[in-house]
$ cat structure_14.cif   # mmCIF, C-alpha atoms and all ligand atoms
data_input
#
loop_
_atom_site.label_atom_id
_atom_site.label_comp_id
_atom_site.auth_asym_id
_atom_site.auth_seq_id
_atom_site.Cartn_x
_atom_site.Cartn_y
_atom_site.Cartn_z
CA MET A 1 -15.77 34.29 -7.57
CA ILE A 2 -15.60 30.98 -5.70
CA ASN A 3 -12.22 30.16 -4.14
CA VAL A 4 -10.82 26.86 -5.34
CA ASN A 5 -8.11 24.81 -3.72
CA LYS A 6 -5.13 25.98 -5.73
CA ASN A 7 -2.95 23.31 -4.15
CA PHE A 8 -4.28 20.98 -6.85
CA SER A 9 -2.14 22.87 -9.35
CA LEU A 10 0.92 21.70 -7.40
CA LEU A 11 0.20 18.05 -8.20
CA GLU A 12 1.68 16.19 -11.15
CA ASN A 13 -0.81 16.32 -14.04
CA ASN A 14 -1.28 12.59 -14.13
CA TYR A 15 -1.46 9.98 -11.42
CA ILE A 16 1.32 7.46 -12.11
CA PHE A 17 -0.97 4.53 -12.90
CA THR A 18 -3.02 6.66 -15.32
CA GLU A 19 0.12 7.62 -17.23
CA VAL A 20 1.32 4.00 -17.32
CA ASN A 21 -2.07 2.82 -18.61
CA GLN A 22 -2.17 5.52 -21.29
CA ARG A 23 1.24 4.53 -22.66
CA ARG A 24 0.34 0.84 -22.45
CA ASP A 25 -2.98 1.32 -24.26
CA LYS A 26 -1.38 3.45 -26.98
CA TYR A 27 1.22 0.75 -27.58
CA GLN A 28 -1.43 -1.98 -27.68
CA GLN A 29 -3.55 0.03 -30.15
CA GLU A 30 -0.57 0.38 -32.45
CA ASN A 31 0.56 -3.24 -31.96
CA LYS A 32 -2.66 -5.24 -31.77
CA ASP A 33 -0.92 -8.59 -32.38
CA LYS A 34 1.48 -8.25 -29.42
CA LYS A 35 0.68 -9.85 -26.06
CA LEU A 36 1.51 -7.47 -23.23
CA LEU A 37 2.55 -8.83 -19.86
CA GLN A 38 1.24 -6.80 -16.92
CA LEU A 39 3.82 -6.75 -14.17
CA GLY A 40 2.97 -3.27 -13.01
CA VAL A 41 -0.14 -2.42 -11.11
CA GLY A 42 -0.42 -3.43 -7.48
CA ASP A 43 -3.86 -4.96 -7.89
CA VAL A 44 -4.57 -8.54 -6.89
CA SER A 45 -5.21 -11.10 -9.64
CA LEU A 46 -6.37 -14.24 -7.81
CA PRO A 47 -10.06 -14.89 -7.07
CA LEU A 48 -11.56 -14.66 -3.60
CA PRO A 49 -11.80 -17.82 -1.49
CA LYS A 50 -15.06 -19.64 -2.36
CA LYS A 51 -16.23 -19.90 1.23
CA MET A 52 -15.79 -16.17 1.74
CA VAL A 53 -17.95 -15.41 -1.30
CA LYS A 54 -20.59 -17.89 -0.12
CA ILE A 55 -20.80 -16.13 3.23
CA MET A 56 -21.19 -12.75 1.56
CA GLN A 57 -23.81 -14.10 -0.87
CA LYS A 58 -25.80 -15.67 1.94
CA GLU A 59 -25.77 -12.47 3.98
CA LEU A 60 -26.85 -10.37 1.02
CA LYS A 61 -29.58 -12.81 0.02
CA LYS A 62 -31.06 -12.68 3.50
CA GLN A 63 -31.85 -9.03 2.93
CA CYS A 64 -34.72 -9.99 0.61
CA GLY A 65 -36.63 -10.84 3.76
CA LYS A 66 -38.21 -8.22 6.02
CA LYS A 67 -36.62 -9.76 9.08
CA HIS A 68 -33.04 -9.43 7.88
CA PHE A 69 -33.18 -6.27 5.79
CA ARG A 70 -30.57 -3.72 6.89
CA GLY A 71 -30.21 -0.04 6.14
CA TYR A 72 -27.20 2.11 6.93
CA PRO A 73 -24.51 0.23 8.79
CA PRO A 74 -22.98 1.77 11.94
CA GLU A 75 -20.53 4.42 10.65
CA ASN A 76 -17.55 2.84 12.33
CA GLY A 77 -18.34 -0.79 11.71
CA TYR A 78 -20.18 -3.75 13.21
CA ASP A 79 -18.99 -5.15 16.53
CA PHE A 80 -18.49 -8.65 15.06
CA LEU A 81 -15.74 -7.34 12.77
CA LYS A 82 -14.17 -5.12 15.41
CA ASN A 83 -14.09 -8.10 17.80
CA ALA A 84 -12.38 -10.18 15.10
CA ILE A 85 -9.77 -7.42 14.68
CA VAL A 86 -9.22 -7.24 18.45
CA ASP A 87 -8.53 -11.01 18.39
CA TYR A 88 -6.30 -10.69 15.34
CA TYR A 89 -4.10 -8.15 17.15
CA LYS A 90 -4.08 -10.28 20.30
CA ARG A 91 -2.21 -12.95 18.32
CA ARG A 92 0.72 -10.53 18.33
CA ASN A 93 0.15 -9.44 21.93
CA VAL A 94 -1.40 -6.12 21.01
CA ILE A 95 -4.45 -5.25 23.08
CA LEU A 96 -6.92 -2.94 21.39
CA GLN A 97 -10.30 -1.74 22.56
CA LYS A 98 -13.20 -2.10 20.17
CA ASP A 99 -13.83 1.63 20.02
CA GLU A 100 -10.25 2.27 18.95
CA ILE A 101 -11.06 0.53 15.65
CA PHE A 102 -12.82 2.28 12.75
CA ILE A 103 -13.96 0.16 9.81
CA SER A 104 -13.65 1.97 6.51
CA ASN A 105 -13.84 1.38 2.76
CA GLY A 106 -10.16 1.73 1.95
CA ALA A 107 -6.78 2.51 3.43
CA GLY A 108 -6.21 4.83 0.48
CA CYS A 109 -9.21 6.92 1.60
CA ASP A 110 -8.21 7.02 5.28
CA VAL A 111 -4.61 7.96 4.48
CA GLY A 112 -5.81 11.23 2.95
CA ASN A 113 -9.02 11.79 4.92
CA LEU A 114 -7.30 11.76 8.28
CA LEU A 115 -5.61 15.02 7.33
CA ASP A 116 -9.03 16.54 8.15
CA LEU A 117 -8.02 16.17 11.80
CA PHE A 118 -4.95 18.35 11.48
CA GLY A 119 -4.13 21.93 10.68
CA LEU A 120 -1.15 22.75 8.50
CA ASN A 121 1.95 20.85 9.52
CA LYS A 122 5.33 19.68 8.45
CA VAL A 123 4.71 16.25 6.96
CA VAL A 124 7.51 13.70 6.71
CA ILE A 125 7.24 11.37 3.73
CA GLN A 126 9.62 8.80 2.32
CA ASN A 127 11.03 9.38 -1.16
CA PRO A 128 10.10 7.19 -3.09
CA THR A 129 6.63 6.77 -1.61
CA TYR A 130 3.14 5.40 -2.11
CA PRO A 131 1.77 8.48 -3.91
CA ALA A 132 -1.37 8.99 -1.78
CA TYR A 133 0.64 10.31 1.23
CA TYR A 134 2.34 12.94 -0.87
CA ASP A 135 -0.63 13.99 -2.98
CA SER A 136 -3.01 14.21 0.01
CA SER A 137 -0.51 16.30 1.93
CA ILE A 138 -0.03 18.64 -1.01
CA ILE A 139 -3.80 19.00 -1.50
CA ALA A 140 -4.14 19.90 2.19
CA GLY A 141 -1.44 22.56 1.83
CA ASN A 142 1.15 21.04 4.16
CA GLU A 143 4.88 21.59 4.06
CA ILE A 144 6.52 18.36 2.97
CA ILE A 145 9.83 17.03 4.16
CA LEU A 146 11.09 14.18 2.01
CA LEU A 147 13.45 11.59 3.45
CA SER A 148 15.30 9.50 0.89
CA ALA A 149 15.14 5.72 1.10
CA THR A 150 18.26 4.59 -0.72
CA LYS A 151 20.62 1.68 -0.99
CA GLU A 152 22.93 3.53 1.43
CA ASN A 153 20.38 3.46 4.27
CA ASN A 154 19.06 0.01 3.28
CA TYR A 155 15.84 1.73 2.22
CA ILE A 156 14.97 2.17 5.91
CA LEU A 157 14.30 5.70 7.13
CA SER A 158 15.66 7.03 10.38
CA PRO A 159 14.51 10.12 12.32
CA ASP A 160 18.17 11.07 12.89
CA GLU A 161 18.03 13.28 9.80
CA LEU A 162 15.21 15.43 11.20
CA GLU A 163 15.47 18.56 13.31
CA PHE A 164 13.84 18.43 16.74
CA ASP A 165 10.30 19.53 15.86
CA SER A 166 6.72 18.17 15.68
CA TYR A 167 5.76 16.43 12.47
CA LEU A 168 3.10 14.27 10.92
CA ILE A 169 5.09 11.24 9.81
CA TYR A 170 3.89 8.73 7.22
CA LEU A 171 5.57 5.34 7.56
CA CYS A 172 4.76 2.30 5.45
CA SER A 173 6.05 -1.17 6.32
CA PRO A 174 6.43 -3.43 4.38
CA ASN A 175 7.00 -0.57 2.05
CA ASN A 176 5.32 0.24 -1.20
CA PRO A 177 7.22 0.60 -3.52
CA THR A 178 10.53 -0.75 -2.15
CA GLY A 179 9.39 -3.72 -0.05
CA ALA A 180 11.77 -2.73 2.77
CA THR A 181 10.43 -3.53 6.23
CA PHE A 182 11.19 -1.97 9.62
CA ASP A 183 12.69 -4.25 12.22
CA TYR A 184 11.82 -3.68 15.88
CA ALA A 185 14.82 -1.45 16.61
CA SER A 186 14.38 0.85 13.60
CA LEU A 187 10.66 1.30 14.26
CA LYS A 188 11.30 1.91 17.96
CA LYS A 189 13.54 4.82 17.00
CA TRP A 190 10.58 6.47 15.25
CA VAL A 191 8.21 5.86 18.15
CA ASP A 192 10.71 7.33 20.62
CA PHE A 193 11.32 10.31 18.34
CA ALA A 194 7.58 10.93 17.90
CA ASN A 195 6.94 10.78 21.64
CA LYS A 196 9.82 13.16 22.38
CA THR A 197 8.83 15.69 19.70
CA LYS A 198 5.04 15.33 20.09
CA SER A 199 4.81 14.15 16.52
CA ILE A 200 2.15 11.80 15.14
CA ILE A 201 3.06 8.72 13.12
CA ILE A 202 0.60 7.45 10.52
CA PHE A 203 1.64 3.83 10.13
CA ASP A 204 0.38 2.09 7.00
CA CYS A 205 0.53 -1.69 7.43
CA ALA A 206 -1.45 -2.59 4.29
CA TYR A 207 1.08 -5.37 3.53
CA GLU A 208 1.58 -6.74 7.07
CA SER A 209 0.31 -10.19 6.13
CA PHE A 210 3.24 -10.57 3.68
CA ILE A 211 5.83 -10.36 6.48
CA GLU A 212 7.82 -13.51 7.07
CA ASP A 213 10.90 -12.13 8.88
CA ASN A 214 10.86 -11.30 12.56
CA CYS A 215 9.52 -7.77 12.08
CA PRO A 216 6.66 -5.83 13.66
CA HIS A 217 3.36 -6.24 11.82
CA PHE A 218 1.67 -3.49 13.82
CA ILE A 219 3.22 -0.34 15.24
CA TYR A 220 1.55 -1.07 18.60
CA GLU A 221 3.98 -3.94 19.05
CA ILE A 222 6.42 -1.14 19.92
CA GLU A 223 6.25 0.24 23.44
CA GLY A 224 4.95 3.79 23.54
CA ALA A 225 3.29 3.67 20.11
CA LYS A 226 -0.21 4.12 21.52
CA ASN A 227 0.83 7.61 22.58
CA CYS A 228 1.94 8.74 19.14
CA ALA A 229 0.62 6.55 16.32
CA ILE A 230 -2.43 5.98 14.16
CA GLU A 231 -2.45 2.71 12.22
CA ILE A 232 -4.02 2.13 8.81
CA ALA A 233 -4.74 -1.41 7.67
CA SER A 234 -6.58 -2.94 4.76
CA PHE A 235 -8.19 -6.17 3.55
CA SER A 236 -7.24 -5.26 -0.03
CA LYS A 237 -3.95 -7.12 -0.30
CA THR A 238 -4.48 -9.46 2.65
CA ALA A 239 -7.81 -10.88 1.50
CA GLY A 240 -8.09 -9.80 -2.14
CA PHE A 241 -10.57 -7.01 -1.32
CA THR A 242 -9.35 -4.36 -3.77
CA GLY A 243 -12.70 -4.55 -5.55
CA ILE A 244 -14.85 -5.34 -2.50
CA ARG A 245 -13.49 -2.46 -0.35
CA CYS A 246 -12.94 -2.86 3.36
CA SER A 247 -10.20 -1.53 5.61
CA TYR A 248 -9.78 -0.18 9.13
CA SER A 249 -7.85 2.40 11.04
CA VAL A 250 -6.80 2.34 14.67
CA PHE A 251 -6.95 5.52 16.74
CA PRO A 252 -5.77 4.77 20.29
CA LYS A 253 -7.94 6.37 22.97
CA ASN A 254 -5.12 8.33 24.54
CA LEU A 255 -3.96 10.30 21.48
CA ASN A 256 -4.53 13.85 22.65
CA ILE A 257 -3.20 17.03 21.11
CA ASP A 258 -3.84 20.48 22.48
CA GLY A 259 -6.72 19.23 24.62
CA LEU A 260 -8.39 17.48 21.69
CA ASN A 261 -8.74 13.72 21.36
CA LEU A 262 -7.95 12.26 17.92
CA ASN A 263 -10.12 9.18 18.48
CA SER A 264 -13.19 11.34 19.21
CA MET A 265 -12.36 13.66 16.32
CA TRP A 266 -12.08 10.77 13.85
CA ASN A 267 -15.34 9.34 15.17
CA ARG A 268 -16.99 12.73 14.62
CA ARG A 269 -15.46 13.05 11.16
CA GLN A 270 -16.56 9.60 10.06
CA CYS A 271 -20.09 10.02 11.44
CA THR A 272 -20.40 13.24 9.44
CA LYS A 273 -18.73 12.25 6.20
CA PHE A 274 -18.90 8.46 5.95
CA ASN A 275 -21.87 6.12 5.98
CA GLY A 276 -20.14 2.86 6.70
CA VAL A 277 -19.22 -0.38 4.94
CA PRO A 278 -22.02 -2.79 3.86
CA TYR A 279 -22.96 -5.55 6.29
CA PHE A 280 -22.26 -8.45 3.93
CA ILE A 281 -18.80 -7.08 3.10
CA GLN A 282 -17.94 -6.80 6.78
CA LYS A 283 -19.07 -10.44 7.12
CA GLY A 284 -16.60 -11.36 4.36
CA ALA A 285 -13.83 -9.41 6.09
CA CYS A 286 -14.67 -11.15 9.35
CA TYR A 287 -14.25 -14.53 7.65
CA ALA A 288 -10.83 -13.37 6.37
CA LEU A 289 -9.75 -13.00 10.01
CA SER A 290 -11.09 -16.39 11.14
CA SER A 291 -8.56 -19.23 11.39
CA ASP A 292 -9.97 -20.84 8.20
CA GLY A 293 -10.03 -17.49 6.44
CA ILE A 294 -6.46 -16.66 7.36
CA LEU A 295 -5.32 -20.01 5.91
CA GLU A 296 -7.34 -19.50 2.72
CA CYS A 297 -6.03 -15.96 2.19
CA LYS A 298 -2.50 -17.12 2.96
CA LYS A 299 -2.61 -19.41 -0.08
CA ASN A 300 -2.99 -16.39 -2.37
CA ILE A 301 -0.37 -14.41 -0.47
CA ILE A 302 2.10 -17.28 -0.88
CA THR A 303 1.46 -17.33 -4.63
CA TYR A 304 2.07 -13.57 -4.91
CA LYS A 305 5.26 -13.87 -2.89
CA GLU A 306 6.45 -16.77 -5.04
CA ASN A 307 5.81 -14.60 -8.10
CA ALA A 308 7.93 -11.83 -6.59
CA PHE A 309 10.61 -14.38 -5.70
CA LEU A 310 10.72 -15.80 -9.24
CA ILE A 311 11.08 -12.43 -10.90
CA LYS A 312 13.64 -11.34 -8.32
CA GLN A 313 15.71 -14.47 -8.93
CA CYS A 314 15.65 -13.84 -12.66
CA LEU A 315 16.74 -10.23 -12.27
CA LYS A 316 19.51 -11.24 -9.86
CA GLU A 317 20.79 -13.83 -12.32
CA GLN A 318 20.86 -11.14 -14.99
CA LYS A 319 22.96 -9.00 -12.61
CA TYR A 320 20.32 -6.39 -11.97
CA ASP A 321 20.68 -4.44 -8.75
CA VAL A 322 17.61 -5.74 -6.85
CA LEU A 323 16.46 -5.02 -3.30
CA ASP A 324 16.24 -8.40 -1.61
CA THR A 325 13.35 -8.66 0.83
CA ASN A 326 11.22 -11.55 2.09
CA ASN A 327 8.25 -9.49 3.15
CA SER A 328 6.70 -7.93 0.11
CA PRO A 329 4.85 -8.66 -3.11
CA TYR A 330 6.94 -5.98 -4.85
CA VAL A 331 10.33 -6.12 -6.55
CA TRP A 332 12.32 -2.87 -6.57
CA PHE A 333 15.39 -2.69 -8.75
CA LYS A 334 17.72 -0.31 -10.53
CA CYS A 335 17.19 0.23 -14.24
CA PRO A 336 20.04 -1.22 -16.30
CA ASN A 337 22.46 0.86 -18.37
CA ASN A 338 21.74 3.95 -16.27
CA MET A 339 18.42 4.38 -17.97
CA SER A 340 15.89 6.73 -16.46
CA SER A 341 12.72 5.10 -15.15
CA TRP A 342 10.61 6.17 -18.13
CA GLU A 343 13.32 5.22 -20.61
CA TYR A 344 13.39 1.75 -19.13
CA PHE A 345 9.57 1.63 -19.10
CA ASP A 346 9.50 2.37 -22.83
CA TYR A 347 12.32 -0.05 -23.49
CA LEU A 348 10.51 -2.87 -21.66
CA LEU A 349 7.27 -2.06 -23.43
CA ASN A 350 8.75 -1.82 -26.92
CA GLU A 351 11.30 -4.61 -26.76
CA TYR A 352 9.85 -7.12 -24.29
CA GLN A 353 6.15 -6.14 -24.23
CA ILE A 354 6.32 -6.02 -20.45
CA VAL A 355 4.53 -3.34 -18.42
CA GLY A 356 6.04 -2.29 -15.10
CA ILE A 357 5.96 0.85 -12.99
CA PRO A 358 8.68 3.47 -13.41
CA GLY A 359 10.22 4.30 -10.04
CA ILE A 360 9.98 8.04 -10.71
CA GLY A 361 6.21 7.67 -10.40
CA PHE A 362 6.80 7.22 -6.66
CA GLY A 363 8.77 10.46 -6.39
CA SER A 364 12.15 11.81 -7.43
CA GLY A 365 13.87 9.24 -5.18
CA GLY A 366 12.58 6.55 -7.53
CA GLU A 367 14.36 7.91 -10.61
CA ASN A 368 16.48 5.22 -12.32
CA TYR A 369 14.49 2.57 -10.43
CA PHE A 370 11.64 0.30 -11.41
CA ARG A 371 8.93 -1.76 -9.69
CA PHE A 372 7.54 -5.11 -10.72
CA SER A 373 4.57 -6.58 -8.91
CA GLY A 374 4.12 -10.15 -7.70
CA PHE A 375 0.37 -9.57 -7.91
CA ALA A 376 0.70 -10.27 -11.63
CA LYS A 377 -0.68 -13.52 -13.06
CA ARG A 378 1.73 -16.46 -12.70
CA GLU A 379 1.67 -17.12 -16.45
CA ASP A 380 2.68 -13.49 -17.12
CA ILE A 381 5.51 -13.76 -14.61
CA VAL A 382 6.81 -16.97 -16.21
CA GLU A 383 6.60 -15.51 -19.71
CA ALA A 384 8.26 -12.25 -18.60
CA ILE A 385 11.14 -14.22 -17.11
CA LYS A 386 11.58 -16.07 -20.40
CA ARG A 387 11.67 -12.83 -22.33
CA ILE A 388 14.09 -11.14 -19.94
CA LYS A 389 16.41 -14.16 -20.02
CA THR A 390 16.43 -14.61 -23.78
CA LYS A 391 16.66 -11.01 -24.85
CA LYS A 392 19.31 -9.12 -22.99
CA ILE A 393 19.78 -5.41 -23.26
CA PRO A 394 22.74 -4.72 -25.53
CA PRO A 395 25.38 -2.70 -23.63
CA ASN A 396 25.36 -0.04 -26.31
CA TYR A 397 21.57 0.21 -26.30
CA GLU A 398 20.55 3.73 -27.18
CA VAL A 399 17.66 5.08 -25.24
CA ASN A 400 14.52 4.95 -27.32
CA PRO A 401 13.59 8.48 -28.43
CA LYS A 402 9.92 7.50 -28.98
CA SER A 403 8.92 8.44 -25.44
N1 LIG B 501 -1.53 1.73 1.39
C1 LIG B 501 -0.59 1.24 0.57
C2 LIG B 501 0.83 1.29 1.00
C3 LIG B 501 -0.93 0.71 -0.67
O1 LIG B 501 0.02 0.25 -1.49
C4 LIG B 501 -2.28 0.68 -1.05
C5 LIG B 501 -2.70 0.15 -2.35
O2 LIG B 501 -1.96 -0.20 -3.21
C6 LIG B 501 -3.22 1.21 -0.17
C7 LIG B 501 -2.82 1.71 1.04
C8 LIG B 501 -4.67 1.27 -0.57
O3 LIG B 501 -5.40 0.31 0.04
P1 LIG B 501 -6.98 0.23 -0.15
O4 LIG B 501 -7.24 -0.65 -1.33
O5 LIG B 501 -7.46 -0.34 1.15
O6 LIG B 501 -7.48 1.62 -0.38
#

$ encode --input "structure_14.cif" --output "structure tokens"
Amino acid sequence: MINVNKNFSLLENNYIFTEVNQRRDKYQQENKDKKLLQLGVGDVSLPLPKKMVKIMQKELKKQCGKKHFRGYPPENGYDFLKNAIVDYYKRRNVILQKDEIFISNGAGCDVGNLLDLFGLNKVVIQNPTYPAYYDSSIIAGNEIILLSATKENNYILSPDELEFDSYLIYLCSPNNPTGATFDYASLKKWVDFANKTKSIIIFDCAYESFIEDNCPHFIYEIEGAKNCAIEIASFSKTAGFTGIRCSYSVFPKNLNIDGLNLNSMWNRRQCTKFNGVPYFIQKGACYALSSDGILECKKNIITYKENAFLIKQCLKEQKYDVLDTNNSPYVWFKCPNNMSSWEYFDYLLNEYQIVGIPGIGFGSGGENYFRFSGFAKREDIVEAIKRIKTKKIPPNYEVNPKS
């Protein structure tokens, strides 16, 4: 008999967003006349900048001609995009070499795929967390050490809770789902810890372009990070590329473990298992990093952040316990009346026709919490605010047994 990877049986049956969509669709089927407001999924809702689409169209069209037809792209990306990324990092005084950058088709893919480079390890993951870190680590068979991000530690993890040992450490800043963001001192603690313990940090900065406080956008802004950290970045939320697919990872040249070089290993892995991102898409990504492109993309980011601000204000006025952050499209708050995350999900769906994400979907540390997303459409945000303001939860509300 063929051996299968039995670690899959350790995963939750359903991915959180699948479960949310199933409950939402069932409700909509049974209540066809009700308009549901989607404040849940972390997908972008605003269209791409026109100029960016024009550039991509033009590049694709050119391929009708013999002269400009292109086959497989270079596995790790075209130089024009890598050069644009080098310049983008320079703006924050981070100097990268072109061959430290690997263009890919999604941060979500790289987050899991890079476990190919490692044997079995202790993996440190925040609880609650973006589910891909946890699920990928489980699938690979790693031992997982969960660190709680709570109100008590301001939702910011510290290595102080860990024993002196070597770990793979997933960090995400600004954080999904909480929105909390490392400042320089708290991130430096992790870099110092990783260097001392010969650990590797996998730093996910998918939301760096949402930062407005004085916080590091890239881990390489911290001294010593090039000796211990891989960075994962994405055009998905920065440039609206969730459907277009383009991201990149940074593997510094001097990341060596046990005589092996992680940069060379990732290069080898990608050349074997990945055939690159289409030329015209990389051209679109390159525009997103140009000065015009940054300004265009910023307009959408500002709208998403305003959405998050509006919903946060409303929840604060209604005395919800909300995490206040300036750097994220997400709004993380405690469910009222001590409801569990799923109880509150069902309550919101049945009574307000609002769809959000139950915090428990991000791990046990998210129980009793909830996430709204500023990526929702503005009209849905405005309508949701109206509903939340006009229809308050009665203090004696009994949890809906329908779930
Ligand atoms: N990392 C984080 C923290 C995310 O929240 C997401 C998507 O929501 C991703 C990575 C996935 O990005 P991509 O669309 O590039 O796969």

$ closest_atom_pairs --input "structure_14.cif" --of "stretch 224-310 of chain A" --to "stretch 96-103 of chain A" --cutoff "12 Å" --atoms "only C-alpha atoms" --output "JSON lines"
{"residue": "A:Lys226", "atom": "CA", "partner": "A:Leu96", "partner_atom": "CA", "distance": 9.7}
{"residue": "A:Ala229", "atom": "CA", "partner": "A:Glu100", "partner_atom": "CA", "distance": 12.0}
{"residue": "A:Ile230", "atom": "CA", "partner": "A:Glu100", "partner_atom": "CA", "distance": 9.9}
{"residue": "A:Glu231", "atom": "CA", "partner": "A:Ile101", "partner_atom": "CA", "distance": 9.5}
{"residue": "A:Ile232", "atom": "CA", "partner": "A:Phe102", "partner_atom": "CA", "distance": 9.6}
{"residue": "A:Ala233", "atom": "CA", "partner": "A:Ile103", "partner_atom": "CA", "distance": 9.6}
{"residue": "A:Ser234", "atom": "CA", "partner": "A:Ile103", "partner_atom": "CA", "distance": 9.5}
{"residue": "A:Phe235", "atom": "CA", "partner": "A:Ile103", "partner_atom": "CA", "distance": 10.6}
{"residue": "A:Arg245", "atom": "CA", "partner": "A:Ile103", "partner_atom": "CA", "distance": 10.5}
{"residue": "A:Cys246", "atom": "CA", "partner": "A:Ile103", "partner_atom": "CA", "distance": 7.2}
{"residue": "A:Ser247", "atom": "CA", "partner": "A:Ile103", "partner_atom": "CA", "distance": 5.9}
{"residue": "A:Tyr248", "atom": "CA", "partner": "A:Ile103", "partner_atom": "CA", "distance": 4.2}
{"residue": "A:Ser249", "atom": "CA", "partner": "A:Phe102", "partner_atom": "CA", "distance": 5.3}
{"residue": "A:Val250", "atom": "CA", "partner": "A:Ile101", "partner_atom": "CA", "distance": 4.7}
{"residue": "A:Phe251", "atom": "CA", "partner": "A:Glu100", "partner_atom": "CA", "distance": 5.1}
{"residue": "A:Pro252", "atom": "CA", "partner": "A:Glu100", "partner_atom": "CA", "distance": 5.3}
{"residue": "A:Lys253", "atom": "CA", "partner": "A:Glu100", "partner_atom": "CA", "distance": 6.2}
{"residue": "A:Asn254", "atom": "CA", "partner": "A:Glu100", "partner_atom": "CA", "distance": 9.7}
{"residue": "A:Leu255", "atom": "CA", "partner": "A:Glu100", "partner_atom": "CA", "distance": 10.5}
{"residue": "A:Asn261", "atom": "CA", "partner": "A:Glu100", "partner_atom": "CA", "distance": 11.8}
{"residue": "A:Leu262", "atom": "CA", "partner": "A:Glu100", "partner_atom": "CA", "distance": 10.3}
{"residue": "A:Asn263", "atom": "CA", "partner": "A:Glu100", "partner_atom": "CA", "distance": 6.9}
{"residue": "A:Ser264", "atom": "CA", "partner": "A:Glu100", "partner_atom": "CA", "distance": 9.5}
{"residue": "A:Met265", "atom": "CA", "partner": "A:Glu100", "partner_atom": "CA", "distance": 11.9}
{"residue": "A:Trp266", "atom": "CA", "partner": "A:Phe102", "partner_atom": "CA", "distance": 8.6}
{"residue": "A:Asn267", "atom": "CA", "partner": "A:Phe102", "partner_atom": "CA", "distance": 7.9}
{"residue": "A:Arg268", "atom": "CA", "partner": "A:Phe102", "partner_atom": "CA", "distance": 11.4}
{"residue": "A:Arg269", "atom": "CA", "partner": "A:Phe102", "partner_atom": "CA", "distance": 11.2}
{"residue": "A:Gln270", "atom": "CA", "partner": "A:Phe102", "partner_atom": "CA", "distance": 8.6}
{"residue": "A:Cys271", "atom": "CA", "partner": "A:Phe102", "partner_atom": "CA", "distance": 10.7}
{"residue": "A:Phe274", "atom": "CA", "partner": "A:Ile103", "partner_atom": "CA", "distance": 10.4}
{"residue": "A:Asn275", "atom": "CA", "partner": "A:Ile103", "partner_atom": "CA", "distance": 10.6}
{"residue": "A:Gly276", "atom": "CA", "partner": "A:Ile103", "partner_atom": "CA", "distance": 7.4}
{"residue": "A:Val277", "atom": "CA", "partner": "A:Ile103", "partner_atom": "CA", "distance": 7.2}
{"residue": "A:Pro278", "atom": "CA", "partner": "A:Ile103", "partner_atom": "CA", "distance": 10.4}
{"residue": "A:Tyr279", "atom": "CA", "partner": "A:Ile103", "partner_atom": "CA", "distance": 11.2}
{"residue": "A:Ile281", "atom": "CA", "partner": "A:Ile103", "partner_atom": "CA", "distance": 11.0}
{"residue": "A:Gln282", "atom": "CA", "partner": "A:Ile103", "partner_atom": "CA", "distance": 8.6}
{"residue": "A:Ala285", "atom": "CA", "partner": "A:Ile103", "partner_atom": "CA", "distance": 10.3}
{"residue": "A:Cys286", "atom": "CA", "partner": "A:Ile103", "partner_atom": "CA", "distance": 11.3}

$ residues_near_point --input "structure_14.cif" --point "(-4.5, 15.6, 10.4)" --cutoff "10 Å" --atoms "only C-alpha atoms" --output "list in words"
Val111, Gly112, Asn113, Leu114, Leu115, Asp116, Leu117, Phe118, Gly119, Leu120, Asn121, Val123, Ser137, Ala140, Leu168, Ile200, Ile202, Leu262 and Trp266 of chain A

$ closest_residue --input "structure_14.cif" --among "A:Leu146, A:Leu157, A:Ala180, A:Leu10" --to "ligand LIG 501 (chain B)" --atoms "only C-alpha atoms and all ligand atoms"
A:Ala180

$ residues_near_ligand --input "structure_14.cif" --ligand "ligand LIG 501 (chain B)" --cutoff "10 Å" --atoms "all atoms listed in the file" --output "NGL selection string"
:A and (41-44 or 104-111 or 129-133 or 171-177 or 179 or 203-207 or 232-238 or 240-248 or 330)

$ closest_residue --input "structure_14.cif" --among "A:Thr303, A:Gln28, A:Ser45, A:Ser364" --to "A:Ala149" --atoms "all atoms listed in the file"
A:Ser364

$ closest_residue --input "structure_14.cif" --among "A:Val124, A:Ser328, A:Phe345, A:Asp258" --to "A:Asp213" --atoms "all atoms listed in the file"
A:Ser328

$ atom_distance --input "structure_14.cif" --atom1 "atom CA of A:Tyr27" --atom2 "atom CA of A:Asp346"
9.7 Å

$ atom_distance --input "structure_14.cif" --atom1 "atom CA of A:Leu295" --atom2 "atom CA of A:Ala239"
10.4 Å

$ closest_residue --input "structure_14.cif" --among "A:His68, A:Phe218, A:Phe280, A:Ser373" --to "A:Asn93" --atoms "all atoms listed in the file"
A:Phe218

$ residues_around --input "structure_14.cif" --residues "stretch 36-40 of chain A" --least-positions-apart "3" --cutoff "6 Å" --atoms "all atoms listed in the file" --output "list in words"
Gln353, Ile354, Val355, Gly356, Ile357, Phe372, Ser373, Ala376 and Asp380 of chain A

$ atom_distance --input "structure_14.cif" --atom1 "atom CA of A:Tyr170" --atom2 "atom CA of A:Val94"
20.9 Å

$ closest_residue --input "structure_14.cif" --among "A:Pro159, A:Pro216, A:Gly71, A:Gly224" --to "A:Phe182" --atoms "all atoms listed in the file"
A:Pro216
